[in-house]
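Undergrad: Shown below is the structure under consideration.
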Amino acid sequence: MSSHESHRIARAFLASPSEGVVELSHDWRALRPPRISLEGEFGGYLVLEPLPASDFASESRYFVDGSGLGVFVLDLEEFDWIDPDSDTVYVAGAFNGWQEAVGEEQWRMSLETIEGKRALVLRVPLEAVDIARTVPFKFVTGDHHWLPVDAEAPNSVMDDLGNCNYVFAAARSGRHRFRFALEEPLDLAKNHTLIYHSRIHEHRTRLDPGPFFLQLKSDKALGAIVEGDRTVFRLFAPRAEWVKVGVFGKDEMEADLEWIDMEPSEDFVWEVSISENLDGARYWFRLDGPDGECGVFDPNFKILDPYAKAALGREGPGVVVDLERFEPLDHYPVPQWQDLVILEAHTRDLVAGLPENAELDRPLGFPDLQAYVDRPDFYPATLGINALELQPVQENDSRSYGEYHWGYMTANFFAPASQYGSDPQNASQIEEFRSLVSSIHQRGMAVILDVVYNHVGEPAHLMYIDKLYYFHVEGDGALTNWSGCGNDLRCDAPMARRIIVESLKHLVLFYGVDGFRFDLADLVGKAALQEIERELKAVKPDVILIAEPWSFRGHIGRDLIDTGYASWNDGYREGIKSYVKGELSSGQLSHLLKGSPDDYADWPSQTVNYTESHDDRVWIDVITEQPEFDGTLPALNDIRRTHMMAALLMASIGMPMLHAGQDFLFSKGGVNNTYQRGDLNALDYGRRSEFALSSDYIRGWIAFRMSETGRLLRHYSRASDGFFEFDEQEGRNALAALYNADGSRGPRKLLFAVNPETEPLRMSLGDWSGAWTQLADHDRFWGEELEPLRVDLTDELLLPPLGTGLWISAD
């Protein structure tokens, strides 16, 4: 059989509606190009032109050059945080021992220009990468930071351990790719097929929209827009064959719904204008498009408008809202980040445990929380925090009005959750959420929302608009699942990113929200996060931006150091858990106390320090000495360790965060994942009385951190090199820390000491001896207002088992 008989089309895609690219299964060595035609066209074979081998590197990260060298290419536009003058990057793979490549000059990449782009490049003989087989590889920095792999690259594969790698195959060197041009642009609303003709067989391959498709965009206002006495409906649907909008009045039944044809425009936006102010009307979209693996088009499916400002549930319909009838909101001045103490909480969990709500037979929501916020005994206010972070409150995929839901499966990004409205049929949730935010502000707290833009819930309405445009897919059209929730939103597509940015601006400008915590921000991506930062700071310069920097794909924490985002510090979370159990060294603890510099944080408040969140077991269940991770009845040592944790949390440089109930040792009975367990998540306020000493202890630490003297713990910029001094006991885990040791932040100093061991310890003070006032021990926080203990610390400091102490120097 001649060489070209074994070829087939591995992949074909459009580079524009009138030109495309064909990739064969392996390199083409014949003088004449392969014979390929477009099914349904009668103009003969396509005119194919070989692409430069180097062009292949844009998708595969390698090619083989004319001299037979393997060339690895890392595009610096993709990793703009890499400085080629100071950062080192290596090619690592099965051929050089992976990590062992770091520091080896022969595997170090250097700066070149490839196809007009600045890139890091490494050229090696093919023998060095074992050309007899395909071999995995990826890129790693000189400090052992693995660069993420593009999961949609045609040569990306998963190994048996779940790692994503690129694959180098000498048989696909870049000489297997051809381009072609068409006389007329193809209709994106239809399927197209290429046919490979050999002497003995024909092979058919789908011609997919290529990268150009994922850059299509429009600047037109989208959704249902009320303009005086008319309402305009617009939907971006780039592969739709037709689009209809169905509208019925708020006093009408769904049976009265009237479907109206919408007209397309050149920017793929479908539009219709109705000469009526339809404020309060309900509506859906329907559309159809091409069949195939990369489409979930269903002409009968009713689509909830992604720009709907309110919805009646996860399936819709959307509600037309005339935003002009609402009064503008006043700006709430957000505290500087170093002054924030955050409490993470859930809307229903905060109020479900109140005695007056025990007998209610209706779902709890925004009005109930607002009523609690307005009371003098509102728990977060009495705890003393100044930022309340609410778990997601956007429309989610709850199957019923009363179903308990954490909110991490979003159905619409603009609409507040109908499940939290007192009268969702009349979209009461809009005004009720605005009022709730205003009440929280009046209690002196910023409002941070947990938002989920990495995936969507069910039904995935965007998938019915265009699966390929809005979601990451594998080569066979299957959805990727780096979120662990069944799909991954394509946040780098312009119109997906526009939905994200505009919904966030809507929450800021229309509802008065002060900041956001981005769920699985690794999947949102650095470029999208930076655009979000620019857009939000243009309308609210003091907006709070926090990333949960990981996903099942990777970790973006270090990549965000040069941005305006803080990150949840999972290293801090796990480190403190280990330390209070005597499993982390005092040297490692000192790094956490200083704010994880050069690890998570370039500036002090860039690390969000926490030890408990909604995910996984609560703190007391993790560290308890009781069996089955059940901290319902905590042991004395559990309480001591909790007090130590709280002291460490408030004494650490960074932005501290507690989870609701953590101060009164709230337990979920050892259950690890409670996302559907409203019965376990509802706060048991009886424990706040039962463990009042613990709650008061933590409240005292919060008050001190926010005090004038507490400025020594709240840093806007990095402290001087001599600000901290640490005393580590050889062979022991206890640690003493002196804050403001060099006097760079005024005359007063703080002495903080912890002993995670179950034996008492005497620590030598040395030069730290002198007159000190004790503000706290392991059980009590006196502070500066409650007759603190004035003591002379001479030669030694006695720390009891699981002991904690805080002292301030004499005036």
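Here, A, B, ... name the chains of the structure tokens in the order displayed, residue numbers run from 1 inside each chain, and ligands are numbered from 1 in the same displayed order.
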Which residues are close to Lys309 (chain A), i.e. within 9 Å by only C-alpha atoms, leaving aside same-chain residues fewer than 4 positions away? Reply as a ChimeraX atom specification.

TA: /A:223-224,305,318-321,323,412-416,430

Undergrad: Convert the current residue selection to file output with C-alpha atoms, as a PDB file, in the first residue's frame.

TA:
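To be explicit, this is the file written out as out36.pdb:
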```
ATOM      1  CA  GLY A 223     -31.781  40.384  26.745  1.00  0.00           C
ATOM      2  CA  ALA A 224     -35.144  42.070  27.223  1.00  0.00           C
ATOM      3  CA  ASP A 305     -32.570  34.234  28.578  1.00  0.00           C
ATOM      4  CA  GLY A 318     -37.520  35.038  32.442  1.00  0.00           C
ATOM      5  CA  VAL A 319     -39.201  38.225  33.581  1.00  0.00           C
ATOM      6  CA  VAL A 320     -38.983  41.522  31.700  1.00  0.00           C
ATOM      7  CA  VAL A 321     -37.743  44.165  34.163  1.00  0.00           C
ATOM      8  CA  LEU A 323     -34.652  48.866  35.532  1.00  0.00           C
ATOM      9  CA  ASN A 412     -28.903  32.584  35.496  1.00  0.00           C
ATOM     10  CA  PHE A 413     -26.169  35.079  36.381  1.00  0.00           C
ATOM     11  CA  PHE A 414     -28.263  38.291  36.459  1.00  0.00           C
ATOM     12  CA  ALA A 415     -31.313  37.120  38.407  1.00  0.00           C
ATOM     13  CA  PRO A 416     -31.400  36.849  42.209  1.00  0.00           C
ATOM     14  CA  ILE A 430     -35.340  41.891  43.076  1.00  0.00           C
TER      15      ILE A 430
END
```

Undergrad: Set the distance at 9 Å and use only C-alpha atoms: which residues neighbour region 196-203 of chain A once local chain neighbours fewer than 3 positions away are removed? I'd like the list as a PyMOL selection string.

TA: chain A and resi 4-9+34-37

Undergrad: Write the residues you've just listed into a file as a short mmCIF file (atom, residue, chain, number, x, y, z; two decimals), in the first residue's frame, and include N, CA, C and O atoms for each of them.

TA:
```
data_model
loop_
_atom_site.label_atom_id
_atom_site.label_comp_id
_atom_site.auth_asym_id
_atom_site.auth_seq_id
_atom_site.Cartn_x
_atom_site.Cartn_y
_atom_site.Cartn_z
N HIS A 4 0.15 7.22 1.05
CA HIS A 4 -1.04 8.05 1.24
C HIS A 4 -2.31 7.25 1.42
O HIS A 4 -3.34 7.77 1.79
N GLU A 5 -2.27 5.91 1.14
CA GLU A 5 -3.45 5.09 1.35
C GLU A 5 -3.79 4.97 2.83
O GLU A 5 -4.95 4.76 3.19
N SER A 6 -2.82 5.06 3.70
CA SER A 6 -3.07 4.88 5.13
C SER A 6 -3.46 6.17 5.83
O SER A 6 -3.73 6.17 7.02
N HIS A 7 -3.43 7.27 5.11
CA HIS A 7 -3.81 8.54 5.72
C HIS A 7 -5.32 8.64 5.91
O HIS A 7 -6.10 7.97 5.24
N ARG A 8 -5.68 9.48 6.81
CA ARG A 8 -7.08 9.87 6.99
C ARG A 8 -7.08 11.30 7.54
O ARG A 8 -6.04 11.81 7.96
N ILE A 9 -8.23 11.93 7.53
CA ILE A 9 -8.35 13.27 8.12
C ILE A 9 -8.53 13.10 9.62
O ILE A 9 -9.49 12.49 10.08
N PRO A 34 -3.04 15.83 -0.93
CA PRO A 34 -4.13 14.83 -0.89
C PRO A 34 -5.37 15.34 -1.62
O PRO A 34 -5.55 16.54 -1.82
N ARG A 35 -6.22 14.39 -1.99
CA ARG A 35 -7.47 14.74 -2.69
C ARG A 35 -8.60 14.79 -1.67
O ARG A 35 -8.98 13.76 -1.11
N ILE A 36 -9.09 15.98 -1.46
CA ILE A 36 -10.15 16.20 -0.46
C ILE A 36 -11.21 17.10 -1.08
O ILE A 36 -10.89 18.10 -1.75
N SER A 37 -12.47 16.76 -0.85
CA SER A 37 -13.57 17.56 -1.39
C SER A 37 -14.54 17.91 -0.27
O SER A 37 -14.54 17.30 0.80
#
```

Undergrad: I want to know what sits within 8 Å of Asn755 (chain A), based on only C-alpha atoms, with residues of the same chain fewer than 2 positions away left out; could you give that as number ranges by chain?

TA: A: 733-735, 753, 757, 760-761, 799-804

Undergrad: Please dump the current selection as a CSV table (one decimal), in the first residue's frame; keep C-alpha atoms.

TA:
```csv
chain,number,residue,atom,x,y,z
A,733,ASN,CA,6.9,23.1,67.9
A,734,ALA,CA,6.2,26.0,70.2
A,735,LEU,CA,6.7,29.5,68.7
A,753,ALA,CA,3.3,32.8,71.8
A,757,GLU,CA,2.1,20.3,72.5
A,760,PRO,CA,4.0,22.7,79.4
A,761,LEU,CA,7.0,24.6,78.0
A,799,LEU,CA,3.3,28.2,78.2
A,800,PRO,CA,0.8,25.6,79.5
A,801,PRO,CA,-0.2,22.6,77.3
A,802,LEU,CA,-2.0,23.8,74.2
A,803,GLY,CA,-1.4,27.3,75.5
A,804,THR,CA,-1.7,30.6,73.8
```

Undergrad: Name all residues at most 9 Å from region 454-456 of chain A (count only C-alpha atoms; drop same-chain ones fewer than 3 positions away) and give them as number ranges by chain.

TA: A: 396-397, 408-412, 459-462, 471, 481, 483, 485-491, 518-524

Undergrad: From a DSSP pass on the backbone, collect the residues of region 247-409 of chain A flagged as helix (DSSP H, G or I) and hand them back as a PDB file with N, CA, C and O atoms, in the first residue's frame.

TA:
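Okay, this is what ended up in selection30.pdb:
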```pdb
ATOM      1  N   GLU A 254     -49.396  30.477  30.748  1.00  0.00           N
ATOM      2  CA  GLU A 254     -48.403  30.068  29.754  1.00  0.00           C
ATOM      3  C   GLU A 254     -49.073  29.668  28.447  1.00  0.00           C
ATOM      4  O   GLU A 254     -48.493  29.817  27.365  1.00  0.00           O
ATOM      5  N   ALA A 255     -50.318  29.194  28.531  1.00  0.00           N
ATOM      6  CA  ALA A 255     -51.049  28.813  27.318  1.00  0.00           C
ATOM      7  C   ALA A 255     -51.284  30.006  26.402  1.00  0.00           C
ATOM      8  O   ALA A 255     -51.534  29.843  25.199  1.00  0.00           O
ATOM      9  N   ASP A 256     -51.214  31.218  26.964  1.00  0.00           N
ATOM     10  CA  ASP A 256     -51.423  32.422  26.160  1.00  0.00           C
ATOM     11  C   ASP A 256     -50.147  32.870  25.453  1.00  0.00           C
ATOM     12  O   ASP A 256     -50.144  33.897  24.763  1.00  0.00           O
ATOM     13  N   LEU A 323     -35.569  48.454  34.474  1.00  0.00           N
ATOM     14  CA  LEU A 323     -34.652  48.866  35.532  1.00  0.00           C
ATOM     15  C   LEU A 323     -34.776  50.341  35.870  1.00  0.00           C
ATOM     16  O   LEU A 323     -34.368  50.763  36.964  1.00  0.00           O
ATOM     17  N   GLU A 324     -35.342  51.128  34.975  1.00  0.00           N
ATOM     18  CA  GLU A 324     -35.443  52.575  35.201  1.00  0.00           C
ATOM     19  C   GLU A 324     -36.426  52.919  36.320  1.00  0.00           C
ATOM     20  O   GLU A 324     -36.395  54.038  36.843  1.00  0.00           O
ATOM     21  N   ARG A 325     -37.286  51.993  36.706  1.00  0.00           N
ATOM     22  CA  ARG A 325     -38.254  52.317  37.760  1.00  0.00           C
ATOM     23  C   ARG A 325     -37.680  52.168  39.163  1.00  0.00           C
ATOM     24  O   ARG A 325     -38.355  52.450  40.152  1.00  0.00           O
ATOM     25  N   TRP A 337      -8.689  46.486  52.548  1.00  0.00           N
ATOM     26  CA  TRP A 337      -8.672  45.027  52.649  1.00  0.00           C
ATOM     27  C   TRP A 337      -7.990  44.540  53.916  1.00  0.00           C
ATOM     28  O   TRP A 337      -8.399  43.534  54.501  1.00  0.00           O
ATOM     29  N   GLN A 338      -6.938  45.210  54.345  1.00  0.00           N
ATOM     30  CA  GLN A 338      -6.243  44.747  55.550  1.00  0.00           C
ATOM     31  C   GLN A 338      -7.091  44.928  56.801  1.00  0.00           C
ATOM     32  O   GLN A 338      -6.801  44.343  57.852  1.00  0.00           O
ATOM     33  N   ASP A 339      -8.161  45.726  56.709  1.00  0.00           N
ATOM     34  CA  ASP A 339      -9.047  45.963  57.851  1.00  0.00           C
ATOM     35  C   ASP A 339     -10.246  45.029  57.866  1.00  0.00           C
ATOM     36  O   ASP A 339     -11.069  45.086  58.789  1.00  0.00           O
ATOM     37  N   THR A 347     -27.608  32.146  53.204  1.00  0.00           N
ATOM     38  CA  THR A 347     -28.807  32.937  53.479  1.00  0.00           C
ATOM     39  C   THR A 347     -29.772  32.224  54.408  1.00  0.00           C
ATOM     40  O   THR A 347     -30.236  32.792  55.409  1.00  0.00           O
ATOM     41  N   ARG A 348     -30.104  30.981  54.105  1.00  0.00           N
ATOM     42  CA  ARG A 348     -31.081  30.258  54.932  1.00  0.00           C
ATOM     43  C   ARG A 348     -30.471  29.757  56.240  1.00  0.00           C
ATOM     44  O   ARG A 348     -31.141  29.737  57.276  1.00  0.00           O
ATOM     45  N   ASP A 349     -29.194  29.340  56.198  1.00  0.00           N
ATOM     46  CA  ASP A 349     -28.580  28.804  57.413  1.00  0.00           C
ATOM     47  C   ASP A 349     -28.535  29.839  58.530  1.00  0.00           C
ATOM     48  O   ASP A 349     -28.619  29.485  59.707  1.00  0.00           O
ATOM     49  N   LEU A 350     -28.391  31.114  58.182  1.00  0.00           N
ATOM     50  CA  LEU A 350     -28.319  32.168  59.195  1.00  0.00           C
ATOM     51  C   LEU A 350     -29.622  32.322  59.969  1.00  0.00           C
ATOM     52  O   LEU A 350     -29.615  32.743  61.133  1.00  0.00           O
ATOM     53  N   VAL A 351     -30.746  31.996  59.333  1.00  0.00           N
ATOM     54  CA  VAL A 351     -32.048  32.260  59.974  1.00  0.00           C
ATOM     55  C   VAL A 351     -32.824  30.993  60.318  1.00  0.00           C
ATOM     56  O   VAL A 351     -33.762  31.037  61.114  1.00  0.00           O
ATOM     57  N   ALA A 352     -32.429  29.843  59.741  1.00  0.00           N
ATOM     58  CA  ALA A 352     -33.210  28.616  59.958  1.00  0.00           C
ATOM     59  C   ALA A 352     -33.188  28.163  61.408  1.00  0.00           C
ATOM     60  O   ALA A 352     -34.134  27.518  61.889  1.00  0.00           O
ATOM     61  N   PRO A 355     -35.350  30.551  66.859  1.00  0.00           N
ATOM     62  CA  PRO A 355     -36.552  29.919  67.439  1.00  0.00           C
ATOM     63  C   PRO A 355     -37.843  30.343  66.758  1.00  0.00           C
ATOM     64  O   PRO A 355     -38.749  29.515  66.558  1.00  0.00           O
ATOM     65  N   GLU A 356     -37.948  31.609  66.373  1.00  0.00           N
ATOM     66  CA  GLU A 356     -39.197  32.092  65.787  1.00  0.00           C
ATOM     67  C   GLU A 356     -39.466  31.512  64.397  1.00  0.00           C
ATOM     68  O   GLU A 356     -40.584  31.617  63.877  1.00  0.00           O
ATOM     69  N   ASN A 357     -38.436  30.901  63.786  1.00  0.00           N
ATOM     70  CA  ASN A 357     -38.625  30.328  62.457  1.00  0.00           C
ATOM     71  C   ASN A 357     -38.839  28.821  62.491  1.00  0.00           C
ATOM     72  O   ASN A 357     -39.028  28.204  61.447  1.00  0.00           O
ATOM     73  N   PHE A 366     -34.677  36.073  51.504  1.00  0.00           N
ATOM     74  CA  PHE A 366     -34.140  37.415  51.695  1.00  0.00           C
ATOM     75  C   PHE A 366     -34.879  38.225  52.760  1.00  0.00           C
ATOM     76  O   PHE A 366     -34.242  38.859  53.614  1.00  0.00           O
ATOM     77  N   PRO A 367     -36.228  38.259  52.775  1.00  0.00           N
ATOM     78  CA  PRO A 367     -36.916  39.069  53.793  1.00  0.00           C
ATOM     79  C   PRO A 367     -36.636  38.582  55.214  1.00  0.00           C
ATOM     80  O   PRO A 367     -36.524  39.389  56.137  1.00  0.00           O
ATOM     81  N   ASP A 368     -36.517  37.274  55.392  1.00  0.00           N
ATOM     82  CA  ASP A 368     -36.251  36.725  56.724  1.00  0.00           C
ATOM     83  C   ASP A 368     -34.856  37.117  57.199  1.00  0.00           C
ATOM     84  O   ASP A 368     -34.667  37.478  58.365  1.00  0.00           O
ATOM     85  N   LEU A 369     -33.895  37.050  56.306  1.00  0.00           N
ATOM     86  CA  LEU A 369     -32.540  37.445  56.683  1.00  0.00           C
ATOM     87  C   LEU A 369     -32.490  38.939  56.968  1.00  0.00           C
ATOM     88  O   LEU A 369     -31.835  39.367  57.927  1.00  0.00           O
ATOM     89  N   GLN A 370     -33.190  39.735  56.177  1.00  0.00           N
ATOM     90  CA  GLN A 370     -33.176  41.173  56.442  1.00  0.00           C
ATOM     91  C   GLN A 370     -33.786  41.483  57.812  1.00  0.00           C
ATOM     92  O   GLN A 370     -33.268  42.330  58.553  1.00  0.00           O
ATOM     93  N   ALA A 371     -34.875  40.804  58.160  1.00  0.00           N
ATOM     94  CA  ALA A 371     -35.478  41.033  59.466  1.00  0.00           C
ATOM     95  C   ALA A 371     -34.494  40.719  60.586  1.00  0.00           C
ATOM     96  O   ALA A 371     -34.441  41.425  61.606  1.00  0.00           O
ATOM     97  N   TYR A 372     -33.688  39.678  60.402  1.00  0.00           N
ATOM     98  CA  TYR A 372     -32.673  39.321  61.395  1.00  0.00           C
ATOM     99  C   TYR A 372     -31.542  40.345  61.404  1.00  0.00           C
ATOM    100  O   TYR A 372     -31.049  40.747  62.469  1.00  0.00           O
ATOM    101  N   VAL A 373     -31.134  40.793  60.226  1.00  0.00           N
ATOM    102  CA  VAL A 373     -30.075  41.804  60.135  1.00  0.00           C
ATOM    103  C   VAL A 373     -30.461  43.051  60.923  1.00  0.00           C
ATOM    104  O   VAL A 373     -29.610  43.679  61.584  1.00  0.00           O
ATOM    105  N   TYR A 379     -26.336  37.972  64.736  1.00  0.00           N
ATOM    106  CA  TYR A 379     -25.122  37.238  65.100  1.00  0.00           C
ATOM    107  C   TYR A 379     -23.839  37.805  64.483  1.00  0.00           C
ATOM    108  O   TYR A 379     -22.864  38.077  65.206  1.00  0.00           O
ATOM    109  N   PRO A 380     -23.749  38.002  63.157  1.00  0.00           N
ATOM    110  CA  PRO A 380     -22.486  38.535  62.614  1.00  0.00           C
ATOM    111  C   PRO A 380     -22.117  39.901  63.194  1.00  0.00           C
ATOM    112  O   PRO A 380     -20.928  40.185  63.397  1.00  0.00           O
ATOM    113  N   ALA A 381     -23.125  40.725  63.499  1.00  0.00           N
ATOM    114  CA  ALA A 381     -22.837  42.048  64.065  1.00  0.00           C
ATOM    115  C   ALA A 381     -22.290  41.921  65.481  1.00  0.00           C
ATOM    116  O   ALA A 381     -21.334  42.605  65.857  1.00  0.00           O
ATOM    117  N   THR A 382     -22.865  41.040  66.280  1.00  0.00           N
ATOM    118  CA  THR A 382     -22.380  40.879  67.651  1.00  0.00           C
ATOM    119  C   THR A 382     -21.022  40.187  67.688  1.00  0.00           C
ATOM    120  O   THR A 382     -20.259  40.358  68.644  1.00  0.00           O
ATOM    121  N   LEU A 383     -20.702  39.403  66.653  1.00  0.00           N
ATOM    122  CA  LEU A 383     -19.372  38.798  66.569  1.00  0.00           C
ATOM    123  C   LEU A 383     -18.318  39.853  66.270  1.00  0.00           C
ATOM    124  O   LEU A 383     -17.161  39.718  66.680  1.00  0.00           O
TER     125      LEU A 383
END
```

Undergrad: May I have the residues within 9 Å of Leu214 (chain A) as a ChimeraX atom specification, using only C-alpha atoms and disregarding those fewer than 2 positions away in the same chain?

TA: /A:209-212,216-217,468-470,492-495

Undergrad: So that I can see what lies close to Pro392 (chain A), please list as a list of chain:residue names the residues with an atom at most 7 Å from it, counting only C-alpha atoms and leaving out residues fewer than 5 positions away in the same chain.

TA: A:Trp406, A:Gly407, A:Tyr408, A:Leu449, A:Asp450, A:Val451

Undergrad: From the set A:Arg177, A:Ser435, A:Ala170, A:Ser67, which residue has the shortest atom-to-atom contact distance to Pro52 (chain A), counting only C-alpha atoms?

TA: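 Checking each of A:Arg177, A:Ser435, A:Ala170, A:Ser67 against Pro52 (chain A), counting only C-alpha atoms, the winner is A:Arg177.
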